[in-house]
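Colleague: After the structure tokens below, expect a handful of questions from me.
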Amino acid sequence: MGRVHRFLGLTVGLIQAGMKSDERRASYRCDITYTNNSELGFDYLRDNLSRNKEQLVMRWPRPFHFAIVDEVDSVLIDEGRNPLLISGEDNRDAARYPVATKVAELLMEGVHYTVELKGNNIDLTEDGVAHAEIILGTDDLWDESDPWARFVMNALKAKVFYRRDVQYIVRDGKAIIINELTGRVEPKRRWSDGIHQAVEAKEGLKIQADSVIVAQITYQSLFKLYPKLSGMTGTAKTEEKEFLKMFKMPVIEVPTNLPNIRVDLPIQAFATARGKWQYVRAEVESMFQLGRPVLVGTTSVESSEYLSDLLKARNIPHNVLNARPKYAAREAEIIAQAGRKHAITISTNMAGRGTDIILGGNPKMLAKEIVEDSILPFLTHEPPDIDMEGESTSHKGLSKIKLGPSSLGLLAKAAIMAKYVHKSERNEWSFSKAKSTIAESIEMGQTVGMEKLQERLAEEFEMYPLCDAIGLAYLGVLRDCEIHCSAEGTEVKTLGGLHVVGTSLHESRRIDNQLRGRAGRQGDPGSTRFMVSLQDEIFQKFNLDTEWAVMLISRITNDEDIAIESNVVVKQLLGLQINAEKYYFGIRKSLVEFDEVLEVQRKHVYNLRQVILSGDSESCSDQIFQYMQAVADEIVLHNVDPQKPPKTWNLAKLLDEFVGLGGKLLGESFKGIQEENLQSALEQMHGSISVKADSFTLPNMPIPPDSFRGIRKKTSSMMRWFAICVDDTSKKGRYTNTVNLLRKYFGDFLIATYLNAVQESRYDDAYISGIEREVLLKTLDALWKDHLVNMNKLSSAVNVRSFGHRNPLEEYKIDGCRFFISMLSATRRLTVEALLHYWSSPMESDEIFNTEDQ
């Protein structure tokens with residue numbers, strides 16, 4: 001699409017994994033930027049962790065304008081459940097995980113713990129708690145000084161819910177997550193809350209550092225930041241209400257280009273998993289005899305390999321496509337073959353595979369494969385790395401593509417040139433270099449065209465133009481492949497097109513529809529069949545009355561391995577699927593509502609960060625003055641009551657807190673000042689109306705240093721006084737005016753003392769504003785990180801309050817708001833303390849720059 005946009009005069013950028021900051025910045029500056037969801041989310045979070053303006057990559061101050069989300073249901077609904085997290089490391093508890101794993105191995109289900117599959121919950125019984133405490137030699141699993149409960153629960157979850165080759169695979173000594181929706185591995189993702197470490201301990205792998213959340217956002221919150229949001233997908237109609245309710249996005253159905261002639265056969269139910277897999281194998285075998293291509297959708301790596309073994313036993317050639325690297329690396333090539341006559345493909349979830357299954361085969365991919373097979377042996381003798389390059393695609397049972405004499409001649413010519421280049425360069429080419437050279441040559445061949453390449457080859461008769469020769473050979477082979485694929489495609493259509501077999505119902509009808517949608521594309525014929533067994537995980541999870549179903553099946557047939565297509569059974573199963581959809585909708589709705597609380601707080605903190613980061617030194621100073629006034633206000637309002645006379649106020653504590661805040665800087669000014677001095681000053685000032693905003697002081701009290709020089713600082717002082725006078729958030733009373741004068745005096749004194757210390761340091765303005773920015777950001781980031789941890793703990797804890805007939809969401813909002821207010825207050829206090837401490841002895845305080853975040 002980029003070519004079309006560029007032709008229209010627009011700039012187009014692309015964001016991919018592994019790109020450097022400069023490349024990302026340039027791409028975000030374009031009119032149109034293509035990226036995937038996780039890159040966008042992590043760029044946003046990283047930008048809001050950066051320490052200077054130069055590190056930002058997005059288009060600040062307004063990075064979001066209009067988003068078009070491909071596979072919008074997959075992104076906003078399926079993946080919306082998992083927040084994107086950026087984590088810091090915490091190594092303190094690494095030794096506890098292997099011990100907890102041993103404890104989990106000794107505990108028995110039903111005796112020591114109970115399992116709730118639906119909510120992925122585990123509860124220890126009283127026996128289980130006692131047993132675990134005896135093994136660990138502790139009196140209390142929940143003892144705060146020696147907390148074992150979290151580790152034992154995680155170890156049990158890893159044992160019961162996290163299965164190898166289903167939720168993760170082990171590769172190169174690491175447990176790598178498999179995305180349950182796409183079936184792809186996600187090497188950079190880790191489970192949070194210690195689950196990943198528990199899985200590593202279970203598998204006997206090296207335990208990576210525990211994670212502490214530094215930044216987090218869900219896809220729902222991320223895409224809500226766009227003023228305009230749209231998307232496209234083939235399977236949103238079943239979730240129409242959710243899109244409207246959650247995102248205010250109506251779903252509009254676009255009619256198909258050609259009528260859909262796919263045949264969706266009735267669901268077949270089996271009492272046992274064994275019966276189901278035998279039937280799947282028999283169905284695949286019968287289709288293979290006919291010559292129809294088959295795509296089998298499975299829900300895990302484990303089940304795809306189980307079916308592969310069944311087919312191997314019957315000598316049926318097939319290809320497997322799952323999260324294992326040896327298969328995933330050749331994904332496009334496997335899909336290219338999947339529509340050919342006699343092709344059998346076993347795949348984990350097909351959502352978003354990104355390549356259409358073309359009946360008769362994909363000529364471009366097949367031509368590329370033929371060129372690679374012919375030329376690679378002459379360019380390199382290095383064997384391919386199975387993990388990186390994947391296992392070669394199975395061609396058994398597929399008809400051989402007939403190449404014409406001209407194509408064979410061009411391939412031979414390119415092979416001779418490859419052999420010569422390899423000999424003349426003397427050094428051995430690596431497999432990856434040879435493969436990328438062929439890929440670049442093919443791309444160049446498609447761009448330049450056949451005639452131009454022939455001219456170039458004719459002109460360069462003294463040279464050995466390898467790339468041109470490969471490009472020309474590819475175009476010749478492509479022509480033959482197109483003829484072959486077209487003929488084979490017609491043959492496959494007459495046989496009935498692609499047959500799709502689903503081996504389990506998913507938790508949502510949409511994911512089943514995505515698999516069905518692989519057949520019958522663009523008006524092609526095709527058929528689909530789903531086979532389910534009552535032992536499938538979804539039925540165990542949602543407590544289907546399997547006994548009732550088994551009894552019904554045994555009435556119809558004595559053989560448990562026979563398929564049942566009874567409407568009664570199928571209706572019951574589909575009803576269960578709708579219940580599962582409702583259950584997961586409830587979870588997502590709850591997540592969105594809980595995340596909205598954090599969303600408001602995140603916006604406030606990130607906007608504040610951007611003001612500090614992108615603003616000039618004046619806006620940074622203004623921020624510090626606001627902090628100092630707010631801290632002075634808090635100290636005053638905490639110790640006085642405007643409804644009671646000053647005699648009753650806790651002025652001694654007020655003075656102690658204020659002096660303690662500034663340490664050495666304020667200690668010298670207030671030496672010898674007692675509660676009585678402040679009391680008499682307030683009595684003299686009571687009833688005073690006229691106040692000179694830029695040089696106000698209390699009688700018989702220390703005079704602030706004369707630092708409000710210059711019109712800007714005088715204006716700032718007057719604005720602060722005006723803000724104090726119109727403040728309607730604080731308590732009102734007969735002595736409000738006296739309280740306001742106290743706030744003004746202490747605020748002025750704090751700011752004037754700070755400005756005086758800065759001026760006496762003799763540092764230049766750039767250095768001063770650098771220190772201010774660093775302190776502001778470091779304090780805000782540290783406390784925001786703690787706040788995220790607290791909010792995560794709170795979201796787990798508030799559910800218990802429903803037992804007291806209280807609404808967990810309302811409780812979360814109230815406590816979350818309280819946490820946030822106290823976090824902002826602590827941020828202000830710590831920032832002011834750090835700055836006053838720094839300027840009281842700048843030479844000693846370089847640790848602000850030099851120490852790493854603890």
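Ordered as shown in the structure tokens, chains take letters A, B, and onward, while each chain numbers its residues from 1 and ligands are numbered from 1 in the order shown.
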Find the spatial neighbours of range 356-359 of chain A, counting only C-alpha atoms, within a cut-off of 12 Å - ignore same-chain residues fewer than 5 positions away - and output them as a PyMOL selection string.

Modeller: chain A and resi 292-295+331-343+345+350-351+364-366+482+484-500+515+517-526

Colleague: Identify, on the basis of only C-alpha atoms, every residue whose closest approach to Ser27 in chain A does not exceed 6 Å; exclude the query and any residue fewer than 2 positions from it along the same chain; express the result as a PyMOL selection string.

Modeller: chain A and resi 13-14+24-25+29-30

Colleague: Looking at A:Glu683, A:Gly615, A:Gly816, A:Gln540, which one is nearest to Pro699 in chain A, with distances taken over only C-alpha atoms?

Modeller: A:Glu683

Colleague: Could you check the closest approach to Val280 in chain A for each of A:Ala418, A:Leu698, A:Ile176, A:Leu307 and tell me which residue wins, using only C-alpha atoms?

Modeller: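 Of A:Ala418, A:Leu698, A:Ile176, A:Leu307, the one nearest Val280 in chain A, counting only C-alpha atoms, is A:Leu307.
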
Colleague: Go ahead and compute the interatomic distance for CA of Arg828 in chain A and CA of Val631 in chain A, in Å to one decimal.

Modeller: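 Rounded to one decimal, the two atoms are 6.6 Å apart.
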
Colleague: Write out as number ranges by chain all residues of range 96-220 of chain A that DSSP puts in helix (DSSP H, G or I) for this structure's backbone.

Modeller: A: 96-106, 126-136, 149-160, 195-202, 219-220

Colleague: Pick out the residues sitting within 10 Å of range 641-651 of chain A, and hand them over as a PDB file with C-alpha atoms, in the first residue's frame; count only C-alpha atoms, and ignore anything fewer than 3 positions along from it in its own chain.

Modeller:
```pdb
ATOM      1  CA  VAL A 636       0.282  24.332  57.482  1.00  0.00           C
ATOM      2  CA  LEU A 637      -3.171  22.787  56.906  1.00  0.00           C
ATOM      3  CA  HIS A 638      -2.140  19.590  58.692  1.00  0.00           C
ATOM      4  CA  LEU A 654       4.367  22.971  62.195  1.00  0.00           C
ATOM      5  CA  LEU A 655       7.778  24.626  62.741  1.00  0.00           C
ATOM      6  CA  ASP A 656       9.516  21.260  63.267  1.00  0.00           C
ATOM      7  CA  GLU A 657       8.040  19.809  60.054  1.00  0.00           C
ATOM      8  CA  GLN A 674       9.912  29.103  69.087  1.00  0.00           C
ATOM      9  CA  GLU A 675       6.178  28.432  69.029  1.00  0.00           C
ATOM     10  CA  GLU A 676       5.613  31.668  71.041  1.00  0.00           C
ATOM     11  CA  ASN A 677       7.282  33.812  68.333  1.00  0.00           C
ATOM     12  CA  LEU A 678       4.930  32.479  65.686  1.00  0.00           C
ATOM     13  CA  GLN A 679       1.928  32.802  68.035  1.00  0.00           C
ATOM     14  CA  SER A 680       2.578  36.508  68.689  1.00  0.00           C
ATOM     15  CA  LEU A 682      -0.186  35.658  64.133  1.00  0.00           C
ATOM     16  CA  GLU A 683      -1.940  37.713  66.825  1.00  0.00           C
ATOM     17  CA  HIS A 686      -5.034  38.756  62.720  1.00  0.00           C
ATOM     18  CA  SER A 730      -9.472  23.603  52.075  1.00  0.00           C
ATOM     19  CA  LYS A 731     -11.615  23.951  55.202  1.00  0.00           C
ATOM     20  CA  LYS A 732     -13.127  27.427  55.793  1.00  0.00           C
ATOM     21  CA  GLY A 733     -13.626  29.260  59.105  1.00  0.00           C
ATOM     22  CA  ARG A 734     -13.273  32.468  61.075  1.00  0.00           C
ATOM     23  CA  TYR A 735      -9.462  32.301  60.891  1.00  0.00           C
ATOM     24  CA  THR A 736      -9.167  31.391  57.182  1.00  0.00           C
ATOM     25  CA  ASN A 737      -7.392  34.691  56.436  1.00  0.00           C
ATOM     26  CA  THR A 738      -4.733  34.006  59.097  1.00  0.00           C
ATOM     27  CA  VAL A 739      -4.231  30.480  57.726  1.00  0.00           C
ATOM     28  CA  ASN A 740      -3.811  31.913  54.204  1.00  0.00           C
TER      29      ASN A 740
END
```

Colleague: Smallest atom-to-atom distance to Tyr44 in chain A: which of A:Ile169, A:Lys603, A:Ile77, A:Asp139, using only C-alpha atoms?

Modeller: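 Closest to Tyr44 in chain A, using only C-alpha atoms: A:Lys603.
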
Colleague: With distances taken over only C-alpha atoms, which residue among A:Gly471, A:Gly747, A:Pro98, A:Gly137 lies nearest Glu203 in chain A?

Modeller: A:Pro98

Colleague: Quick one: everything within 6 Å of Val185 in chain A, counting only C-alpha atoms, minus sequence neighbours fewer than 2 positions away in the same chain. Send it as a list of chain:residue names.

Modeller: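 Once the nearby chain positions are removed, what remains is A:Ile177, A:Ile178, A:Ala323.
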
Colleague: When you count only C-alpha atoms, which of these residues is closest to Arg510 in chain A: A:Gly672, A:Gly660, A:Gly194, A:Gly234?

Modeller: A:Gly234

Colleague: So which bits of range 38-203 of chain A end up strand (DSSP E) when you DSSP the backbone, as a PyMOL selection string?

Modeller: chain A and resi 66-70+84-90+113-116+121-124+168-171+174-178+185-186

Colleague: Write the residues of the preceding selection, restricted to C-alpha atoms, as a compact mmCIF listing (two decimals), in the first residue's frame.

Modeller:
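To be explicit, this is the file written out as out34.txt:
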```
# COMPACT_ATOMS: atom_id res chain seq x y z
CA PHE A 66 -6.25 8.29 13.76
CA ALA A 67 -5.83 4.51 14.11
CA ILE A 68 -6.90 1.73 11.75
CA VAL A 69 -6.52 -1.60 13.55
CA ASP A 70 -6.27 -4.78 11.49
CA LEU A 84 1.47 -4.70 28.27
CA LEU A 85 4.05 -4.46 31.05
CA ILE A 86 7.56 -3.04 31.23
CA SER A 87 9.31 -4.63 34.20
CA GLY A 88 12.35 -3.89 36.29
CA GLU A 89 14.33 -6.70 37.91
CA ASP A 90 14.27 -7.88 41.50
CA TYR A 113 -5.63 -28.20 47.28
CA THR A 114 -8.71 -27.68 45.11
CA VAL A 115 -8.69 -26.49 41.49
CA GLU A 116 -11.18 -24.19 39.75
CA ASN A 121 -7.77 -20.50 40.72
CA ILE A 122 -6.22 -22.82 43.29
CA ASP A 123 -7.15 -22.96 46.98
CA LEU A 124 -5.10 -24.73 49.64
CA TYR A 168 4.80 -22.52 26.53
CA ILE A 169 7.68 -24.34 24.86
CA VAL A 170 11.22 -24.79 26.16
CA ARG A 171 13.96 -23.55 23.83
CA LYS A 174 14.21 -20.69 28.35
CA ALA A 175 10.46 -21.08 28.82
CA ILE A 176 8.90 -19.16 25.90
CA ILE A 177 5.20 -18.23 25.95
CA ILE A 178 2.89 -19.43 23.16
CA VAL A 185 5.78 -17.84 20.24
CA GLU A 186 6.44 -14.53 22.03
```

Colleague: Just to confirm, what's the straight-line distance from CA of Lys368 in chain A to CA of Leu403 in chain A in Å (one decimal)?

Modeller: 13.4 Å

Colleague: Using only C-alpha atoms, which residue out of A:Gly476, A:Ala198, A:Glu71, A:Asp536 lies closest to Ser300 in chain A?

Modeller: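 Checking each of A:Gly476, A:Ala198, A:Glu71, A:Asp536 against Ser300 in chain A, counting only C-alpha atoms, the winner is A:Asp536.
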
Colleague: Just give me the gap between CA of Pro83 in chain A and CA of Thr218 in chain A in Å, one decimal is fine.

Modeller: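 Spanning CA of Pro83 in chain A to CA of Thr218 in chain A is a straight-line distance of 4.2 Å.
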